Amino acid sequence: MKTELCILFNNGEQFELNPKDNVINMESLSDHLSEQPGLIAYYGNIKAVFQEKVSALKNTIEIFMASERTKLREASKEKRTYKEELNDQIIATEDYINLIRDLHSAENNYEKASVAFQAIRDKGMALNSLCSVYKAEMFVNDKVFEENFRNKRRESYIKSKEK
């Protein structure tokens with residue numbers, strides 16, 4: 001499985017989504033646990049940035065459409081040539097297409113950021129589960145060791161009494 005770094009851009013700012021952040025190495029569980037809060041904050045921030053971008057673009061499109069409707073109402077009151085109206089429609093259409101393109105790009109980036117954030121959260125839950133299992137195994141091993149130690153002491157005590 002090939003994992004590649006995904007880089008998202010927002011207003012010239014660069015955000016890295018590293019799939020290796022989701023890898024768990026059993027030998028370094030404590031390192032993973034210590035990194036987890038920072039990773040959740042980092043990926044949560046990226047998700048929030050792109051969620052804000054999507055909301056801003058949706059609001060911009062609404063404002064743009066309202067502005068265009070107002071312009072059409074005003075233009076209908078004026079005597080304008082067909083060429084002037086056509087030029088205005090072409091410019092408005094190009095602006096609208098660019099806004100929609102930006103919105104789709106922002107939604108795509110938001111989805112990527114959301115998936116990365118959810119993966120990091122899932123990793124955190126998996127780490128907690130692994131640590132719980134590890135602690136339980138340690139507890140059982142300690143109890144077995146204690147029981148074996150008590151049995152050996154009892155046996156040596158019995159042997160010492162028999163002598």
# chains A, B, ... in the order shown; residues from 1 in each chain; ligands from 1

call {"tool": "select_by_dssp", "arguments": {"residues": "segment 2-142 of chain A", "states": "strand (DSSP E or B)", "output": "PDB file with N, CA and C atoms, in the first residue's frame"}}
result
ATOM      1  N   CYS A   6      -0.557  14.303   1.312  1.00  0.00           N
ATOM      2  CA  CYS A   6      -1.555  15.103   0.611  1.00  0.00           C
ATOM      3  C   CYS A   6      -1.409  16.541   1.109  1.00  0.00           C
ATOM      4  N   ILE A   7      -1.261  17.461   0.188  1.00  0.00           N
ATOM      5  CA  ILE A   7      -1.096  18.867   0.563  1.00  0.00           C
ATOM      6  C   ILE A   7      -2.312  19.644   0.071  1.00  0.00           C
ATOM      7  N   LEU A   8      -2.945  20.358   1.000  1.00  0.00           N
ATOM      8  CA  LEU A   8      -4.100  21.186   0.678  1.00  0.00           C
ATOM      9  C   LEU A   8      -3.696  22.650   0.817  1.00  0.00           C
ATOM     10  N   PHE A   9      -4.245  23.484  -0.044  1.00  0.00           N
ATOM     11  CA  PHE A   9      -3.932  24.912  -0.013  1.00  0.00           C
ATOM     12  C   PHE A   9      -5.194  25.713   0.264  1.00  0.00           C
ATOM     13  N   ASN A  10      -5.027  26.750   1.069  1.00  0.00           N
ATOM     14  CA  ASN A  10      -6.113  27.679   1.349  1.00  0.00           C
ATOM     15  C   ASN A  10      -5.520  29.078   1.455  1.00  0.00           C
ATOM     16  N   GLU A  13      -1.934  29.340   2.103  1.00  0.00           N
ATOM     17  CA  GLU A  13      -1.462  28.577   3.256  1.00  0.00           C
ATOM     18  C   GLU A  13      -1.496  27.092   2.905  1.00  0.00           C
ATOM     19  N   GLN A  14      -0.470  26.374   3.330  1.00  0.00           N
ATOM     20  CA  GLN A  14      -0.312  24.967   2.974  1.00  0.00           C
ATOM     21  C   GLN A  14      -0.579  24.090   4.194  1.00  0.00           C
ATOM     22  N   PHE A  15      -1.373  23.047   3.997  1.00  0.00           N
ATOM     23  CA  PHE A  15      -1.679  22.090   5.060  1.00  0.00           C
ATOM     24  C   PHE A  15      -1.313  20.697   4.577  1.00  0.00           C
ATOM     25  N   GLU A  16      -0.619  19.941   5.421  1.00  0.00           N
ATOM     26  CA  GLU A  16      -0.186  18.586   5.058  1.00  0.00           C
ATOM     27  C   GLU A  16      -1.047  17.551   5.762  1.00  0.00           C
ATOM     28  N   LEU A  17      -1.546  16.604   4.991  1.00  0.00           N
ATOM     29  CA  LEU A  17      -2.256  15.453   5.537  1.00  0.00           C
ATOM     30  C   LEU A  17      -1.352  14.246   5.312  1.00  0.00           C
TER      31      LEU A  17
END

call {"tool": "select_by_dssp", "arguments": {"residues": "chain A", "states": "helix (DSSP H, G or I)", "output": "ChimeraX atom specification"}}
result
/A:19-22,26-77,82-162

call {"tool": "closest_residue", "arguments": {"among": "A:Val115, A:Val140, A:Leu127, A:Ile100", "to": "Ser28 of chain A", "atoms": "only C-alpha atoms"}}
result
A:Leu127

call {"tool": "residues_around", "arguments": {"residues": "Pro37 of chain A", "least_positions_apart": "5", "cutoff": "10 Å", "atoms": "only C-alpha atoms", "output": "compact mmCIF listing (two decimals) with N, CA, C and O atoms, in the first residue's frame"}}
result
# COMPACT_ATOMS: atom_id res chain seq x y z
N HIS A 32 2.98 7.21 20.55
CA HIS A 32 1.74 7.48 19.81
C HIS A 32 0.72 8.19 20.71
O HIS A 32 0.06 9.13 20.28
N TYR A 42 -4.23 19.46 15.37
CA TYR A 42 -3.74 19.85 14.04
C TYR A 42 -4.78 19.53 12.96
O TYR A 42 -5.15 20.39 12.16
N ILE A 120 -7.64 10.15 12.42
CA ILE A 120 -6.83 10.42 13.62
C ILE A 120 -7.63 10.11 14.88
O ILE A 120 -7.11 9.54 15.84
N ARG A 121 -8.91 10.49 14.89
CA ARG A 121 -9.75 10.17 16.06
C ARG A 121 -9.89 8.67 16.22
O ARG A 121 -9.84 8.15 17.34
N GLY A 124 -6.88 7.27 17.76
CA GLY A 124 -6.89 7.52 19.21
C GLY A 124 -7.70 6.49 19.96
O GLY A 124 -7.29 5.99 21.01

call {"tool": "closest_residue", "arguments": {"among": "A:Leu33, A:Glu4, A:Leu130, A:Ala41", "to": "Gln118 of chain A", "atoms": "only C-alpha atoms"}}
result
A:Ala41

call {"tool": "closest_atom_pairs", "arguments": {"of": "segment 84-145 of chain A", "to": "segment 60-66 of chain A", "cutoff": "9 Å", "atoms": "only C-alpha atoms", "output": "JSON lines"}}
result
{"residue": "A:Ala92", "atom": "CA", "partner": "A:Phe64", "partner_atom": "CA", "distance": 8.9}
{"residue": "A:Asp95", "atom": "CA", "partner": "A:Phe64", "partner_atom": "CA", "distance": 8.9}
{"residue": "A:Tyr96", "atom": "CA", "partner": "A:Ile61", "partner_atom": "CA", "distance": 7.5}
{"residue": "A:Leu99", "atom": "CA", "partner": "A:Ile61", "partner_atom": "CA", "distance": 6.7}
{"residue": "A:Ile100", "atom": "CA", "partner": "A:Ile61", "partner_atom": "CA", "distance": 7.8}
{"residue": "A:Leu103", "atom": "CA", "partner": "A:Ile61", "partner_atom": "CA", "distance": 8.9}

call {"tool": "closest_residue", "arguments": {"among": "A:Phe50, A:Asn108, A:Phe117, A:Arg73", "to": "Asp21 of chain A", "atoms": "only C-alpha atoms"}}
result
A:Phe117

call {"tool": "atom_distance", "arguments": {"atom1": "atom CA of Val54 of chain A", "atom2": "atom CA of Arg69 of chain A"}}
result
22.7 Å

call {"tool": "residues_around", "arguments": {"residues": "Val23 of chain A", "least_positions_apart": "3", "cutoff": "12 Å", "atoms": "only C-alpha atoms", "output": "ChimeraX atom specification"}}
result
/A:3,18-20,26-29,31-32,35-36,119-120,122-124,126-127

call {"tool": "write_last_selection", "arguments": {"atoms": "N, CA, C and O atoms", "output": "PDB file, in the first residue's frame"}}
result
ATOM      1  N   THR A   3       1.483   5.100   0.488  1.00  0.00           N
ATOM      2  CA  THR A   3       0.903   6.255   1.161  1.00  0.00           C
ATOM      3  C   THR A   3       1.664   7.497   0.737  1.00  0.00           C
ATOM      4  O   THR A   3       2.881   7.533   0.775  1.00  0.00           O
ATOM      5  N   ASN A  18      -0.754  13.767   6.372  1.00  0.00           N
ATOM      6  CA  ASN A  18       0.217  12.687   6.273  1.00  0.00           C
ATOM      7  C   ASN A  18      -0.415  11.364   6.708  1.00  0.00           C
ATOM      8  O   ASN A  18      -0.750  11.186   7.875  1.00  0.00           O
ATOM      9  N   PRO A  19      -0.590  10.425   5.766  1.00  0.00           N
ATOM     10  CA  PRO A  19      -1.199   9.135   6.126  1.00  0.00           C
ATOM     11  C   PRO A  19      -0.379   8.358   7.162  1.00  0.00           C
ATOM     12  O   PRO A  19      -0.928   7.534   7.882  1.00  0.00           O
ATOM     13  N   LYS A  20       0.902   8.648   7.274  1.00  0.00           N
ATOM     14  CA  LYS A  20       1.738   7.955   8.253  1.00  0.00           C
ATOM     15  C   LYS A  20       1.358   8.325   9.687  1.00  0.00           C
ATOM     16  O   LYS A  20       1.719   7.614  10.619  1.00  0.00           O
ATOM     17  N   MET A  26       3.425  -1.025  17.497  1.00  0.00           N
ATOM     18  CA  MET A  26       3.190  -1.606  18.825  1.00  0.00           C
ATOM     19  C   MET A  26       4.337  -1.352  19.800  1.00  0.00           C
ATOM     20  O   MET A  26       4.127  -1.319  21.001  1.00  0.00           O
ATOM     21  N   GLU A  27       5.534  -1.170  19.280  1.00  0.00           N
ATOM     22  CA  GLU A  27       6.681  -0.955  20.161  1.00  0.00           C
ATOM     23  C   GLU A  27       6.737   0.463  20.726  1.00  0.00           C
ATOM     24  O   GLU A  27       7.492   0.733  21.638  1.00  0.00           O
ATOM     25  N   SER A  28       5.962   1.372  20.152  1.00  0.00           N
ATOM     26  CA  SER A  28       6.020   2.761  20.625  1.00  0.00           C
ATOM     27  C   SER A  28       4.628   3.317  20.930  1.00  0.00           C
ATOM     28  O   SER A  28       4.281   4.405  20.503  1.00  0.00           O
ATOM     29  N   LEU A  29       3.851   2.551  21.672  1.00  0.00           N
ATOM     30  CA  LEU A  29       2.503   2.987  22.027  1.00  0.00           C
ATOM     31  C   LEU A  29       2.526   4.282  22.837  1.00  0.00           C
ATOM     32  O   LEU A  29       1.694   5.163  22.626  1.00  0.00           O
ATOM     33  N   ASP A  31       4.680   6.690  22.700  1.00  0.00           N
ATOM     34  CA  ASP A  31       4.959   7.810  21.794  1.00  0.00           C
ATOM     35  C   ASP A  31       3.698   8.209  21.033  1.00  0.00           C
ATOM     36  O   ASP A  31       3.393   9.391  20.888  1.00  0.00           O
ATOM     37  N   HIS A  32       2.976   7.207  20.547  1.00  0.00           N
ATOM     38  CA  HIS A  32       1.739   7.482  19.813  1.00  0.00           C
ATOM     39  C   HIS A  32       0.723   8.188  20.713  1.00  0.00           C
ATOM     40  O   HIS A  32       0.063   9.129  20.284  1.00  0.00           O
ATOM     41  N   GLU A  35       1.618  11.805  21.144  1.00  0.00           N
ATOM     42  CA  GLU A  35       1.414  12.600  19.926  1.00  0.00           C
ATOM     43  C   GLU A  35      -0.059  12.857  19.635  1.00  0.00           C
ATOM     44  O   GLU A  35      -0.408  13.819  18.948  1.00  0.00           O
ATOM     45  N   GLN A  36      -0.930  12.010  20.137  1.00  0.00           N
ATOM     46  CA  GLN A  36      -2.339  12.029  19.754  1.00  0.00           C
ATOM     47  C   GLN A  36      -3.051  13.366  19.988  1.00  0.00           C
ATOM     48  O   GLN A  36      -3.731  13.846  19.088  1.00  0.00           O
ATOM     49  N   ALA A 119      -9.881   9.805  10.803  1.00  0.00           N
ATOM     50  CA  ALA A 119      -8.880   8.726  10.903  1.00  0.00           C
ATOM     51  C   ALA A 119      -8.011   8.911  12.141  1.00  0.00           C
ATOM     52  O   ALA A 119      -7.693   7.936  12.834  1.00  0.00           O
ATOM     53  N   ILE A 120      -7.645  10.149  12.423  1.00  0.00           N
ATOM     54  CA  ILE A 120      -6.826  10.424  13.617  1.00  0.00           C
ATOM     55  C   ILE A 120      -7.633  10.113  14.883  1.00  0.00           C
ATOM     56  O   ILE A 120      -7.109   9.536  15.838  1.00  0.00           O
ATOM     57  N   ASP A 122     -10.078   7.956  15.112  1.00  0.00           N
ATOM     58  CA  ASP A 122     -10.181   6.491  15.178  1.00  0.00           C
ATOM     59  C   ASP A 122      -8.885   5.878  15.698  1.00  0.00           C
ATOM     60  O   ASP A 122      -8.911   4.911  16.458  1.00  0.00           O
ATOM     61  N   LYS A 123      -7.768   6.451  15.277  1.00  0.00           N
ATOM     62  CA  LYS A 123      -6.475   5.967  15.766  1.00  0.00           C
ATOM     63  C   LYS A 123      -6.401   6.150  17.281  1.00  0.00           C
ATOM     64  O   LYS A 123      -5.928   5.265  17.993  1.00  0.00           O
ATOM     65  N   GLY A 124      -6.883   7.275  17.762  1.00  0.00           N
ATOM     66  CA  GLY A 124      -6.886   7.516  19.207  1.00  0.00           C
ATOM     67  C   GLY A 124      -7.704   6.487  19.957  1.00  0.00           C
ATOM     68  O   GLY A 124      -7.289   5.987  21.010  1.00  0.00           O
ATOM     69  N   ALA A 126      -8.369   3.468  18.881  1.00  0.00           N
ATOM     70  CA  ALA A 126      -7.649   2.195  18.771  1.00  0.00           C
ATOM     71  C   ALA A 126      -6.491   2.151  19.767  1.00  0.00           C
ATOM     72  O   ALA A 126      -6.250   1.117  20.402  1.00  0.00           O
ATOM     73  N   LEU A 127      -5.789   3.273  19.915  1.00  0.00           N
ATOM     74  CA  LEU A 127      -4.691   3.326  20.878  1.00  0.00           C
ATOM     75  C   LEU A 127      -5.189   3.101  22.299  1.00  0.00           C
ATOM     76  O   LEU A 127      -4.569   2.364  23.074  1.00  0.00           O
TER      77      LEU A 127
END

call {"tool": "atom_distance", "arguments": {"atom1": "atom CA of Leu57 of chain A", "atom2": "atom CA of Ala75 of chain A"}}
result
26.2 Å

call {"tool": "closest_residue", "arguments": {"among": "A:Asn45, A:Ser30, A:Thr93, A:Asn151", "to": "Glu68 of chain A", "atoms": "only C-alpha atoms"}}
result
A:Thr93

call {"tool": "decode", "arguments": {"residues": "segment 112-148 of chain A", "atoms": "N, CA, C and O atoms", "output": "PDB file, in the first residue's frame"}}
result
ATOM      1  N   LYS A 112     -11.543  15.832   2.358  1.00  0.00           N
ATOM      2  CA  LYS A 112     -10.242  15.210   2.651  1.00  0.00           C
ATOM      3  C   LYS A 112      -9.824  15.492   4.090  1.00  0.00           C
ATOM      4  O   LYS A 112      -9.350  14.598   4.799  1.00  0.00           O
ATOM      5  N   ALA A 113     -10.000  16.738   4.521  1.00  0.00           N
ATOM      6  CA  ALA A 113      -9.635  17.111   5.892  1.00  0.00           C
ATOM      7  C   ALA A 113     -10.516  16.380   6.902  1.00  0.00           C
ATOM      8  O   ALA A 113     -10.029  15.935   7.958  1.00  0.00           O
ATOM      9  N   SER A 114     -11.797  16.225   6.593  1.00  0.00           N
ATOM     10  CA  SER A 114     -12.715  15.519   7.490  1.00  0.00           C
ATOM     11  C   SER A 114     -12.329  14.054   7.633  1.00  0.00           C
ATOM     12  O   SER A 114     -12.340  13.508   8.734  1.00  0.00           O
ATOM     13  N   VAL A 115     -11.981  13.437   6.515  1.00  0.00           N
ATOM     14  CA  VAL A 115     -11.576  12.024   6.543  1.00  0.00           C
ATOM     15  C   VAL A 115     -10.280  11.861   7.350  1.00  0.00           C
ATOM     16  O   VAL A 115     -10.159  10.942   8.172  1.00  0.00           O
ATOM     17  N   ALA A 116      -9.329  12.760   7.146  1.00  0.00           N
ATOM     18  CA  ALA A 116      -8.065  12.693   7.889  1.00  0.00           C
ATOM     19  C   ALA A 116      -8.317  12.886   9.384  1.00  0.00           C
ATOM     20  O   ALA A 116      -7.743  12.171  10.221  1.00  0.00           O
ATOM     21  N   PHE A 117      -9.175  13.848   9.725  1.00  0.00           N
ATOM     22  CA  PHE A 117      -9.489  14.095  11.136  1.00  0.00           C
ATOM     23  C   PHE A 117     -10.156  12.872  11.761  1.00  0.00           C
ATOM     24  O   PHE A 117      -9.803  12.455  12.867  1.00  0.00           O
ATOM     25  N   GLN A 118     -11.105  12.275  11.054  1.00  0.00           N
ATOM     26  CA  GLN A 118     -11.787  11.098  11.579  1.00  0.00           C
ATOM     27  C   GLN A 118     -10.813   9.925  11.738  1.00  0.00           C
ATOM     28  O   GLN A 118     -10.904   9.172  12.703  1.00  0.00           O
ATOM     29  N   ALA A 119      -9.881   9.805  10.803  1.00  0.00           N
ATOM     30  CA  ALA A 119      -8.880   8.726  10.903  1.00  0.00           C
ATOM     31  C   ALA A 119      -8.011   8.911  12.141  1.00  0.00           C
ATOM     32  O   ALA A 119      -7.693   7.936  12.834  1.00  0.00           O
ATOM     33  N   ILE A 120      -7.645  10.149  12.423  1.00  0.00           N
ATOM     34  CA  ILE A 120      -6.826  10.424  13.617  1.00  0.00           C
ATOM     35  C   ILE A 120      -7.633  10.113  14.883  1.00  0.00           C
ATOM     36  O   ILE A 120      -7.109   9.536  15.838  1.00  0.00           O
ATOM     37  N   ARG A 121      -8.906  10.486  14.891  1.00  0.00           N
ATOM     38  CA  ARG A 121      -9.751  10.175  16.057  1.00  0.00           C
ATOM     39  C   ARG A 121      -9.894   8.668  16.225  1.00  0.00           C
ATOM     40  O   ARG A 121      -9.843   8.154  17.341  1.00  0.00           O
ATOM     41  N   ASP A 122     -10.078   7.956  15.112  1.00  0.00           N
ATOM     42  CA  ASP A 122     -10.181   6.491  15.178  1.00  0.00           C
ATOM     43  C   ASP A 122      -8.885   5.878  15.698  1.00  0.00           C
ATOM     44  O   ASP A 122      -8.911   4.911  16.458  1.00  0.00           O
ATOM     45  N   LYS A 123      -7.768   6.451  15.277  1.00  0.00           N
ATOM     46  CA  LYS A 123      -6.475   5.967  15.766  1.00  0.00           C
ATOM     47  C   LYS A 123      -6.401   6.150  17.281  1.00  0.00           C
ATOM     48  O   LYS A 123      -5.928   5.265  17.993  1.00  0.00           O
ATOM     49  N   GLY A 124      -6.883   7.275  17.762  1.00  0.00           N
ATOM     50  CA  GLY A 124      -6.886   7.516  19.207  1.00  0.00           C
ATOM     51  C   GLY A 124      -7.704   6.487  19.957  1.00  0.00           C
ATOM     52  O   GLY A 124      -7.289   5.987  21.010  1.00  0.00           O
ATOM     53  N   MET A 125      -8.874   6.156  19.407  1.00  0.00           N
ATOM     54  CA  MET A 125      -9.710   5.135  20.054  1.00  0.00           C
ATOM     55  C   MET A 125      -9.017   3.770  20.008  1.00  0.00           C
ATOM     56  O   MET A 125      -9.062   3.011  20.981  1.00  0.00           O
ATOM     57  N   ALA A 126      -8.369   3.468  18.881  1.00  0.00           N
ATOM     58  CA  ALA A 126      -7.649   2.195  18.771  1.00  0.00           C
ATOM     59  C   ALA A 126      -6.491   2.151  19.767  1.00  0.00           C
ATOM     60  O   ALA A 126      -6.250   1.117  20.402  1.00  0.00           O
ATOM     61  N   LEU A 127      -5.789   3.273  19.915  1.00  0.00           N
ATOM     62  CA  LEU A 127      -4.691   3.326  20.878  1.00  0.00           C
ATOM     63  C   LEU A 127      -5.189   3.101  22.299  1.00  0.00           C
ATOM     64  O   LEU A 127      -4.569   2.364  23.074  1.00  0.00           O
ATOM     65  N   ASN A 128      -6.305   3.726  22.642  1.00  0.00           N
ATOM     66  CA  ASN A 128      -6.870   3.530  23.980  1.00  0.00           C
ATOM     67  C   ASN A 128      -7.256   2.073  24.203  1.00  0.00           C
ATOM     68  O   ASN A 128      -7.005   1.528  25.275  1.00  0.00           O
ATOM     69  N   SER A 129      -7.828   1.455  23.181  1.00  0.00           N
ATOM     70  CA  SER A 129      -8.189   0.039  23.298  1.00  0.00           C
ATOM     71  C   SER A 129      -6.945  -0.830  23.453  1.00  0.00           C
ATOM     72  O   SER A 129      -6.907  -1.731  24.295  1.00  0.00           O
ATOM     73  N   LEU A 130      -5.939  -0.555  22.639  1.00  0.00           N
ATOM     74  CA  LEU A 130      -4.693  -1.328  22.730  1.00  0.00           C
ATOM     75  C   LEU A 130      -4.043  -1.172  24.097  1.00  0.00           C
ATOM     76  O   LEU A 130      -3.560  -2.146  24.679  1.00  0.00           O
ATOM     77  N   CYS A 131      -4.049   0.034  24.596  1.00  0.00           N
ATOM     78  CA  CYS A 131      -3.440   0.274  25.911  1.00  0.00           C
ATOM     79  C   CYS A 131      -4.229  -0.432  27.011  1.00  0.00           C
ATOM     80  O   CYS A 131      -3.640  -0.954  27.958  1.00  0.00           O
ATOM     81  N   SER A 132      -5.538  -0.455  26.883  1.00  0.00           N
ATOM     82  CA  SER A 132      -6.360  -1.169  27.865  1.00  0.00           C
ATOM     83  C   SER A 132      -6.052  -2.656  27.845  1.00  0.00           C
ATOM     84  O   SER A 132      -5.910  -3.285  28.901  1.00  0.00           O
ATOM     85  N   VAL A 133      -5.954  -3.219  26.651  1.00  0.00           N
ATOM     86  CA  VAL A 133      -5.608  -4.634  26.525  1.00  0.00           C
ATOM     87  C   VAL A 133      -4.213  -4.887  27.087  1.00  0.00           C
ATOM     88  O   VAL A 133      -3.993  -5.860  27.822  1.00  0.00           O
ATOM     89  N   TYR A 134      -3.293  -4.005  26.773  1.00  0.00           N
ATOM     90  CA  TYR A 134      -1.919  -4.152  27.253  1.00  0.00           C
ATOM     91  C   TYR A 134      -1.879  -4.095  28.788  1.00  0.00           C
ATOM     92  O   TYR A 134      -1.218  -4.915  29.433  1.00  0.00           O
ATOM     93  N   LYS A 135      -2.626  -3.156  29.366  1.00  0.00           N
ATOM     94  CA  LYS A 135      -2.671  -3.053  30.833  1.00  0.00           C
ATOM     95  C   LYS A 135      -3.296  -4.296  31.438  1.00  0.00           C
ATOM     96  O   LYS A 135      -2.837  -4.795  32.468  1.00  0.00           O
ATOM     97  N   ALA A 136      -4.347  -4.805  30.801  1.00  0.00           N
ATOM     98  CA  ALA A 136      -4.996  -6.016  31.307  1.00  0.00           C
ATOM     99  C   ALA A 136      -4.032  -7.196  31.252  1.00  0.00           C
ATOM    100  O   ALA A 136      -3.964  -7.990  32.192  1.00  0.00           O
ATOM    101  N   GLU A 137      -3.280  -7.310  30.156  1.00  0.00           N
ATOM    102  CA  GLU A 137      -2.287  -8.389  30.042  1.00  0.00           C
ATOM    103  C   GLU A 137      -1.221  -8.250  31.121  1.00  0.00           C
ATOM    104  O   GLU A 137      -0.812  -9.247  31.725  1.00  0.00           O
ATOM    105  N   MET A 138      -0.775  -7.024  31.349  1.00  0.00           N
ATOM    106  CA  MET A 138       0.232  -6.801  32.395  1.00  0.00           C
ATOM    107  C   MET A 138      -0.326  -7.196  33.758  1.00  0.00           C
ATOM    108  O   MET A 138       0.363  -7.814  34.569  1.00  0.00           O
ATOM    109  N   PHE A 139      -1.579  -6.840  34.022  1.00  0.00           N
ATOM    110  CA  PHE A 139      -2.215  -7.175  35.288  1.00  0.00           C
ATOM    111  C   PHE A 139      -2.293  -8.683  35.459  1.00  0.00           C
ATOM    112  O   PHE A 139      -1.951  -9.222  36.515  1.00  0.00           O
ATOM    113  N   VAL A 140      -2.739  -9.371  34.408  1.00  0.00           N
ATOM    114  CA  VAL A 140      -2.833 -10.835  34.464  1.00  0.00           C
ATOM    115  C   VAL A 140      -1.452 -11.445  34.657  1.00  0.00           C
ATOM    116  O   VAL A 140      -1.268 -12.352  35.479  1.00  0.00           O
ATOM    117  N   ASN A 141      -0.470 -10.959  33.916  1.00  0.00           N
ATOM    118  CA  ASN A 141       0.895 -11.473  34.060  1.00  0.00           C
ATOM    119  C   ASN A 141       1.423 -11.242  35.464  1.00  0.00           C
ATOM    120  O   ASN A 141       2.088 -12.117  36.036  1.00  0.00           O
ATOM    121  N   ASP A 142       1.122 -10.075  36.037  1.00  0.00           N
ATOM    122  CA  ASP A 142       1.555  -9.806  37.414  1.00  0.00           C
ATOM    123  C   ASP A 142       0.893 -10.763  38.394  1.00  0.00           C
ATOM    124  O   ASP A 142       1.534 -11.273  39.313  1.00  0.00           O
ATOM    125  N   LYS A 143      -0.408 -11.024  38.194  1.00  0.00           N
ATOM    126  CA  LYS A 143      -1.122 -11.947  39.085  1.00  0.00           C
ATOM    127  C   LYS A 143      -0.571 -13.363  38.960  1.00  0.00           C
ATOM    128  O   LYS A 143      -0.398 -14.059  39.958  1.00  0.00           O
ATOM    129  N   VAL A 144      -0.297 -13.782  37.736  1.00  0.00           N
ATOM    130  CA  VAL A 144       0.284 -15.110  37.514  1.00  0.00           C
ATOM    131  C   VAL A 144       1.656 -15.183  38.164  1.00  0.00           C
ATOM    132  O   VAL A 144       1.999 -16.165  38.838  1.00  0.00           O
ATOM    133  N   PHE A 145       2.452 -14.144  37.999  1.00  0.00           N
ATOM    134  CA  PHE A 145       3.788 -14.114  38.598  1.00  0.00           C
ATOM    135  C   PHE A 145       3.678 -14.177  40.122  1.00  0.00           C
ATOM    136  O   PHE A 145       4.416 -14.922  40.773  1.00  0.00           O
ATOM    137  N   GLU A 146       2.763 -13.380  40.694  1.00  0.00           N
ATOM    138  CA  GLU A 146       2.576 -13.395  42.152  1.00  0.00           C
ATOM    139  C   GLU A 146       2.151 -14.782  42.639  1.00  0.00           C
ATOM    140  O   GLU A 146       2.646 -15.270  43.662  1.00  0.00           O
ATOM    141  N   GLU A 147       1.235 -15.391  41.906  1.00  0.00           N
ATOM    142  CA  GLU A 147       0.753 -16.723  42.287  1.00  0.00           C
ATOM    143  C   GLU A 147       1.887 -17.746  42.210  1.00  0.00           C
ATOM    144  O   GLU A 147       2.061 -18.564  43.124  1.00  0.00           O
ATOM    145  N   ASN A 148       2.653 -17.695  41.142  1.00  0.00           N
ATOM    146  CA  ASN A 148       3.812 -18.599  41.004  1.00  0.00           C
ATOM    147  C   ASN A 148       4.816 -18.354  42.122  1.00  0.00           C
ATOM    148  O   ASN A 148       5.379 -19.309  42.680  1.00  0.00           O
TER     149      ASN A 148
END
